[in-house]
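Raw contents of final.cif, mmCIF, C-alpha atoms:
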```cif
data_my_file
#
loop_
_atom_site.label_atom_id
_atom_site.label_comp_id
_atom_site.auth_asym_id
_atom_site.auth_seq_id
_atom_site.Cartn_x
_atom_site.Cartn_y
_atom_site.Cartn_z
CA MET A 1 31.34 9.73 7.58
CA ARG A 2 33.71 12.68 7.76
CA PRO A 3 36.03 12.74 10.78
CA LEU A 4 34.98 14.97 13.68
CA ARG A 5 37.95 17.24 13.06
CA GLU A 6 36.52 18.10 9.64
CA ARG A 7 32.91 18.25 10.71
CA ILE A 8 33.65 20.78 13.45
CA ARG A 9 34.66 23.26 10.76
CA GLY A 10 31.07 23.43 9.62
CA PRO A 11 29.09 24.75 7.94
CA TRP A 12 27.27 26.01 11.04
CA ARG A 13 25.10 28.47 9.13
CA VAL A 14 23.63 28.29 5.63
CA ALA A 15 21.56 30.47 3.31
CA VAL A 16 18.83 28.81 1.26
CA THR A 17 18.09 29.29 -2.44
CA GLU A 18 15.18 27.81 -4.47
CA GLY A 19 11.71 26.84 -3.34
CA SER A 20 11.33 23.08 -2.98
CA MET A 21 11.07 23.27 0.84
CA ALA A 22 8.19 25.78 0.79
CA PRO A 23 6.29 26.62 2.88
CA THR A 24 8.56 25.50 5.77
CA ILE A 25 11.77 27.00 4.44
CA LEU A 26 11.83 29.75 1.83
CA PRO A 27 14.56 31.06 -0.45
CA GLY A 28 16.62 33.65 1.41
CA ASP A 29 16.19 32.01 4.82
CA TRP A 30 19.28 31.85 7.02
CA LEU A 31 19.57 28.69 9.08
CA VAL A 32 21.69 27.44 11.94
CA VAL A 33 22.74 23.85 11.32
CA ASN A 34 24.62 21.20 13.28
CA PRO A 35 27.49 19.70 11.25
CA LEU A 36 28.54 17.29 14.01
CA VAL A 37 25.81 14.76 13.21
CA GLY A 38 27.26 11.42 12.15
CA ARG A 39 24.11 9.56 11.14
CA TRP A 40 20.79 10.32 9.51
CA PRO A 41 18.33 11.80 12.02
CA ALA A 42 14.89 10.20 12.39
CA PRO A 43 12.39 10.81 9.59
CA GLY A 44 10.88 14.29 9.71
CA ALA A 45 14.16 16.11 10.38
CA VAL A 46 15.52 18.57 7.81
CA VAL A 47 19.11 18.00 6.66
CA VAL A 48 21.83 19.54 4.49
CA PHE A 49 23.61 17.02 2.28
CA ARG A 50 25.52 16.53 -0.96
CA GLU A 51 23.36 15.26 -3.80
CA PRO A 52 24.65 12.00 -5.30
CA LEU A 53 24.59 13.54 -8.77
CA GLY A 54 26.72 16.60 -9.21
CA GLU A 55 27.67 17.23 -5.57
CA THR A 56 25.15 20.06 -5.17
CA LEU A 57 24.80 21.12 -1.54
CA ALA A 58 21.07 20.64 -0.97
CA ILE A 59 18.42 20.77 1.74
CA LYS A 60 15.56 18.28 2.13
CA ARG A 61 13.60 16.37 4.76
CA VAL A 62 14.47 12.82 5.82
CA ALA A 63 11.54 10.65 4.73
CA ALA A 64 12.93 7.20 5.55
CA ARG A 65 16.08 5.48 6.80
CA ALA A 66 17.88 2.14 6.51
CA GLY A 67 15.49 -0.79 6.59
CA ASP A 68 12.44 1.28 5.59
CA GLN A 69 10.61 0.62 2.35
CA VAL A 70 9.85 3.48 0.04
CA PRO A 71 7.59 3.52 -3.01
CA PHE A 72 9.77 3.88 -6.07
CA ALA A 73 9.30 3.42 -9.81
CA GLY A 74 5.96 1.66 -9.39
CA GLY A 75 7.33 -0.77 -6.80
CA TYR A 76 9.16 -0.60 -3.50
CA LEU A 77 12.78 -0.11 -2.58
CA THR A 78 14.27 -1.20 0.75
CA LEU A 79 16.89 1.21 2.01
CA ALA A 80 20.29 -0.33 2.77
CA ARG A 81 22.52 0.41 5.74
CA GLY A 82 23.56 4.07 5.91
CA GLU A 83 21.00 5.16 3.34
CA ALA A 84 18.23 7.72 3.68
CA TRP A 85 15.37 8.76 1.45
CA LEU A 86 15.16 12.54 1.18
CA ALA A 87 12.03 14.40 0.13
CA ALA A 88 11.00 17.95 -0.69
CA ASP A 89 8.23 19.59 1.32
CA ALA A 90 6.64 21.14 -1.77
CA ASP A 91 4.98 18.53 -3.99
CA GLU A 92 4.82 18.96 -7.74
CA LYS A 93 1.42 20.67 -7.60
CA ALA A 94 2.43 23.11 -4.86
CA ALA A 95 5.65 23.86 -6.69
CA ALA A 96 3.81 24.40 -9.97
CA ALA A 97 1.34 26.72 -8.21
CA ALA A 98 4.31 28.73 -6.96
CA GLY A 99 5.61 28.93 -10.52
CA SER A 100 8.49 26.51 -10.21
CA GLY A 101 9.24 23.10 -11.61
CA PRO A 102 9.05 19.75 -9.84
CA PRO A 103 11.31 19.49 -6.77
CA ILE A 104 14.44 17.42 -7.20
CA ASP A 105 14.78 14.83 -4.43
CA SER A 106 15.29 11.08 -3.88
CA GLN A 107 12.57 10.37 -6.45
CA ARG A 108 15.15 11.65 -8.93
CA TYR A 109 18.51 10.56 -7.56
CA GLY A 110 17.56 7.66 -5.29
CA PRO A 111 18.73 7.01 -1.73
CA VAL A 112 21.56 9.12 -0.31
CA ASP A 113 24.41 7.49 1.60
CA VAL A 114 25.39 8.84 5.02
CA ASP A 115 28.72 9.92 3.46
CA GLY A 116 26.72 12.69 1.83
CA LEU A 117 25.25 13.97 5.11
CA VAL A 118 26.58 17.44 5.94
CA ALA A 119 24.42 18.82 8.77
CA ARG A 120 21.09 18.78 10.49
CA VAL A 121 18.98 21.95 10.35
CA LEU A 122 18.17 23.34 13.82
CA PHE A 123 16.52 26.73 13.45
CA ARG A 124 16.01 29.81 11.31
CA TYR A 125 17.61 33.08 12.44
CA ALA A 126 16.54 35.33 9.55
CA PRO A 127 14.25 36.88 8.43
CA LEU A 128 13.59 38.17 11.93
CA ARG A 129 9.82 37.78 11.79
CA ARG A 130 10.08 34.07 11.00
CA ILE A 131 12.75 33.12 13.53
CA GLY A 132 12.09 29.71 14.99
CA ARG A 133 12.97 26.06 15.31
CA ILE A 134 12.84 23.83 12.24
CA GLY A 135 11.41 20.74 13.84
CA ARG A 136 10.17 17.36 12.73
CA ARG A 137 7.00 17.22 10.76
CA SER A 138 4.78 14.18 11.02
CA ARG A 139 4.83 12.17 7.84
CA GLY A 140 1.66 12.53 5.79
CA MET B 1 25.13 52.35 8.43
CA PHE B 2 28.65 51.02 8.67
CA LEU B 3 27.72 49.22 11.88
CA THR B 4 24.60 47.68 10.31
CA ASN B 5 26.64 46.42 7.38
CA ALA B 6 29.31 45.04 9.68
CA VAL B 7 26.73 43.20 11.78
CA LEU B 8 24.93 41.87 8.68
CA GLY B 9 28.24 40.79 7.19
CA PHE B 10 29.04 38.96 10.40
CA LEU B 11 25.62 37.27 10.57
CA SER B 12 25.27 36.25 6.94
CA PRO B 13 26.07 32.62 6.16
CA ARG B 14 29.04 31.84 3.91
CA VAL B 15 27.47 28.67 2.56
CA THR B 16 24.44 28.41 0.28
CA VAL B 17 22.27 25.31 0.08
CA ARG B 18 19.72 24.58 -2.62
CA ALA B 19 16.14 23.54 -2.00
CA HIS B 20 16.61 22.13 -5.46
CA CYS B 21 13.82 22.48 -8.09
CA ASP B 22 13.75 21.58 -11.74
CA LEU B 23 12.65 24.63 -13.66
CA PRO B 24 13.31 28.27 -12.93
CA CYS B 25 11.58 29.01 -9.63
CA GLY B 26 11.23 32.67 -10.56
CA VAL B 27 13.69 33.48 -7.78
CA TYR B 28 16.57 35.68 -8.91
CA ASP B 29 19.00 37.79 -6.90
CA PRO B 30 22.34 39.32 -7.93
CA GLU B 31 23.48 38.51 -4.38
CA GLN B 32 24.22 34.98 -5.63
CA ALA B 33 26.77 36.36 -8.12
CA ARG B 34 28.06 38.85 -5.57
CA ILE B 35 28.90 36.16 -2.99
CA GLU B 36 30.97 34.23 -5.54
CA ALA B 37 32.64 37.46 -6.68
CA GLU B 38 33.47 38.30 -3.06
CA SER B 39 35.09 34.88 -2.79
CA CYS B 40 37.27 35.75 -5.80
CA TYR B 41 38.20 39.08 -4.22
CA LYS B 42 39.17 37.49 -0.90
CA ILE B 43 41.09 34.72 -2.66
CA ILE B 44 43.16 37.31 -4.55
CA GLU B 45 43.95 38.98 -1.21
CA LYS B 46 44.92 35.72 0.44
CA TYR B 47 46.91 34.64 -2.61
CA ALA B 48 49.04 37.78 -2.40
CA ALA B 49 49.67 37.28 1.31
CA ASN B 50 50.86 33.68 1.06
CA ASP B 51 54.12 32.31 -0.35
CA ASP B 52 53.32 28.61 -0.12
CA PRO B 53 53.23 27.34 -3.74
CA ALA B 54 50.69 24.60 -2.91
CA TYR B 55 48.37 27.14 -1.28
CA ARG B 56 48.74 29.53 -4.19
CA THR B 57 47.96 26.81 -6.71
CA ARG B 58 44.81 25.89 -4.81
CA ALA B 59 43.81 29.54 -4.53
CA LEU B 60 44.07 30.01 -8.29
CA ALA B 61 42.10 26.86 -9.06
CA ILE B 62 39.32 27.80 -6.66
CA LYS B 63 39.22 31.37 -7.94
CA GLU B 64 38.73 30.13 -11.51
CA GLU B 65 35.86 27.96 -10.36
CA ARG B 66 34.19 30.80 -8.39
CA ALA B 67 34.62 33.25 -11.27
CA GLU B 68 32.95 30.75 -13.59
CA LEU B 69 30.02 30.62 -11.15
CA VAL B 70 29.81 34.43 -11.21
CA LYS B 71 29.44 34.26 -14.98
CA HIS B 72 26.79 31.57 -14.67
CA HIS B 73 24.73 33.53 -12.14
CA LEU B 74 25.01 36.70 -14.20
CA ASP B 75 23.93 34.81 -17.33
CA VAL B 76 20.89 33.42 -15.53
CA LEU B 77 19.88 36.94 -14.46
CA TRP B 78 20.46 38.27 -17.94
CA HIS B 79 18.64 35.49 -19.82
CA ASP B 80 15.93 34.51 -17.37
CA TYR B 81 15.15 37.47 -15.11
CA PHE B 82 15.51 40.55 -17.30
CA LYS B 83 12.81 41.09 -19.93
CA PRO B 84 12.77 43.39 -22.97
CA GLU B 85 10.49 45.87 -21.16
CA HIS B 86 13.17 46.34 -18.49
CA LEU B 87 15.29 48.13 -21.10
CA GLU B 88 13.14 51.22 -20.60
CA LYS B 89 14.26 51.48 -16.98
CA VAL B 90 17.80 50.28 -17.62
CA PRO B 91 18.78 51.35 -21.14
CA ASN B 92 22.40 50.20 -20.72
CA LEU B 93 21.36 46.71 -19.55
CA HIS B 94 23.05 44.69 -22.30
CA ASP B 95 26.24 46.69 -22.10
CA LEU B 96 26.24 46.34 -18.32
CA PHE B 97 25.99 42.54 -18.50
CA TRP B 98 28.59 42.43 -21.23
CA GLN B 99 30.96 44.44 -19.04
CA ALA B 100 30.17 42.42 -15.93
CA THR B 101 30.64 39.01 -17.54
CA LYS B 102 33.82 40.23 -19.21
CA ALA B 103 35.03 41.45 -15.81
CA ALA B 104 34.29 37.97 -14.43
CA SER B 105 36.37 36.43 -17.23
CA LYS B 106 39.17 38.85 -16.38
CA VAL B 107 39.05 37.86 -12.70
CA LYS B 108 39.35 34.19 -13.69
CA GLY B 109 42.88 34.76 -14.89
CA SER B 110 43.90 37.78 -12.85
CA THR B 111 45.56 38.17 -9.46
CA ASP B 112 45.04 41.94 -9.44
CA LEU B 113 42.77 43.08 -6.63
CA ALA B 114 41.58 46.00 -8.79
CA ASP B 115 40.01 43.48 -11.20
CA GLY B 116 38.19 41.84 -8.30
CA LYS B 117 36.93 45.21 -7.11
CA LYS B 118 35.77 46.20 -10.59
CA LEU B 119 33.72 43.00 -10.82
CA LEU B 120 32.08 43.73 -7.45
CA ASP B 121 31.24 47.27 -8.57
CA LEU B 122 29.64 45.99 -11.79
CA ILE B 123 27.61 43.42 -9.88
CA ASP B 124 26.41 46.27 -7.65
CA GLU B 125 25.24 48.02 -10.81
CA VAL B 126 23.38 44.87 -11.85
CA ASP B 127 21.90 44.83 -8.35
CA ALA B 128 20.70 48.41 -8.82
CA ALA B 129 19.13 47.42 -12.16
CA TRP B 130 17.45 44.43 -10.50
CA LYS B 131 16.04 46.69 -7.79
CA ALA B 132 14.98 49.37 -10.30
CA THR B 133 12.90 46.77 -12.15
CA GLY B 134 11.22 45.52 -8.97
CA GLY B 135 13.36 42.39 -8.58
CA LEU B 136 13.44 42.66 -4.83
CA GLU B 137 9.65 42.65 -4.55
CA LYS B 138 8.91 40.29 -7.45
CA THR B 139 11.51 37.56 -7.34
CA ARG B 140 12.23 36.97 -3.65
CA VAL B 141 9.55 35.24 -1.63
CA ALA B 142 9.71 37.58 1.34
CA GLY B 143 12.37 40.05 0.27
CA ARG B 144 15.97 39.69 1.35
CA PRO B 145 16.52 38.49 4.91
CA SER B 146 16.54 41.48 7.22
#
```

Spell out the structure here as structure tokens.
Amino acid sequence: MRPLRERIRGPWRVAVTEGSMAPTILPGDWLVVNPLVGRWPAPGAVVVFREPLGETLAIKRVAARAGDQVPFAGGYLTLARGEAWLAADADEKAAAAAGSGPPIDSQRYGPVDVDGLVARVLFRYAPLRRIGRIGRRSRG
Amino acid sequence: MFLTNAVLGFLSPRVTVRAHCDLPCGVYDPEQARIEAESCYKIIEKYAANDDPAYRTRALAIKEERAELVKHHLDVLWHDYFKPEHLEKVPNLHDLFWQATKAASKVKGSTDLADGKKLLDLIDEVDAAWKATGGLEKTRVAGRPS
């Protein structure tokens, strides 16, 4: 976990590109985020984090945390301490219907350690007509 | 107009996060290149105003990285967004991209603010071409944030 001194520097606001969080969050949305979080929020929350492969700054929803079991590669994987399973909102079909490829999430790069956690998404402040809180979504 | 731009500039986030997908999402916007090019421009300014050798070394390294990203984003627009039929609306398209990517290469190695400005101007021309071909309506999900 990054020290508080570093976390306080942000980011506090982010702009989103790409469509894997549709329809909740769309490309071009501007979000207010909380970089002071030190641990993975409960499943359902949307987070900004560094992907384990390539360090891309990405946005996804927490699907499971340490101790939870997630279906993976035909079996199950139990998440270790500090790990979270991050998932896109758009599934492959929805993404394909929108003309984009399969979302890249934990199905691709596996669990993400809390070291990679950057911020928790709080609400959208642009575009104006879609201002609102980005809350938890019940798991389907 | 100036006030609107100032307020928008103040409100717009400095950090971009990816809702990462595999294939082209069909979402293209020269703004992506412009933000990186603005970074280069600001870095050149800060570089000139600072004598600390460690700071200056970092500034140069980061500028190279950002300029490389400008080239990448321009290439994606050129290869993936623009289609042959767009040449009717923007006859100088290929030359424009050639100039713009060359300007990005120049900025990689340059500490001259004029080079940074030239790159921004060329990206604005790409932006105009993107708008002239309906990019704003076709490639963004709900237009640019307003």

I want to know what sits within 7 Å of stretch 56-60 of chain A, based on all atoms listed in the file, with residues of the same chain fewer than 3 positions away left out; could you give that as a PyMOL selection string? (chain A and resi 21+46-51+86-88) or (chain B and resi 17-20)

Counting only C-alpha atoms, which of A:Gly67, A:Gly44, A:Pro52, A:Gly132 gets nearest to A:Asp115? A:Pro52

Reference answer for the PyMOL selection byres ((chain B and resi 90) around 12), as a PyMOL selection string: chain B and resi 82-89+91-97+125-134

So the first atom is atom CA of A:Gly38 and the second is atom CA of A:Asp113; what is the distance between them in Å, to one decimal place? 11.6 Å

Near chain A, meaning an atom within 10 Å, which residues of chain B appear when counting all atoms listed in the file? Write them as a tab-separated table (two decimals) with C-alpha atoms, keeping the file's coordinate frame.
```tsv
chain	number	residue	atom	x	y	z
B	11	LEU	CA	25.62	37.27	10.57
B	12	SER	CA	25.27	36.25	6.94
B	13	PRO	CA	26.07	32.62	6.16
B	14	ARG	CA	29.04	31.84	3.91
B	15	VAL	CA	27.47	28.67	2.56
B	16	THR	CA	24.44	28.41	0.28
B	17	VAL	CA	22.27	25.31	0.08
B	18	ARG	CA	19.72	24.58	-2.62
B	19	ALA	CA	16.14	23.54	-2.00
B	20	HIS	CA	16.61	22.13	-5.46
B	21	CYS	CA	13.82	22.48	-8.09
B	22	ASP	CA	13.75	21.58	-11.74
B	23	LEU	CA	12.65	24.63	-13.66
B	24	PRO	CA	13.31	28.27	-12.93
B	25	CYS	CA	11.58	29.01	-9.63
B	26	GLY	CA	11.23	32.67	-10.56
B	27	VAL	CA	13.69	33.48	-7.78
B	28	TYR	CA	16.57	35.68	-8.91
B	29	ASP	CA	19.00	37.79	-6.90
B	32	GLN	CA	24.22	34.98	-5.63
B	139	THR	CA	11.51	37.56	-7.34
B	140	ARG	CA	12.23	36.97	-3.65
B	141	VAL	CA	9.55	35.24	-1.63
B	142	ALA	CA	9.71	37.58	1.34
B	143	GLY	CA	12.37	40.05	0.27
B	144	ARG	CA	15.97	39.69	1.35
B	145	PRO	CA	16.52	38.49	4.91
B	146	SER	CA	16.54	41.48	7.22
```

Using the chain letters and numbers from the file, give me the residues hit by the PyMOL selection byres ((chain B and resi 42) around 12), as a count of residues only. 28

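Atom CA of A:Gly110 to atom CA of A:Thr78 spans 11.2 Å [interatomic distance, one decimal].
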
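For the pair atom CA of B:Gly9 and atom CA of A:Ile131, the separation is 18.4 Å.
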
Could you check the closest approach to B:Ala33 for each of B:Lys102, B:Lys118, B:His73, B:Lys138 and tell me which residue wins, using all atoms listed in the file? B:His73

Within 12 Å of (13.9, 3.6, -11.7) (coordinates as in the file), grab all the protein and nucleic acid residues, counting all atoms listed in the file, and write them out as number ranges by chain. A: 71-77, 106-111

Which residue, B:Gly109, B:Thr101, B:Leu3, B:Asp52, has the smallest gap to B:Leu69 when you use only C-alpha atoms? B:Thr101
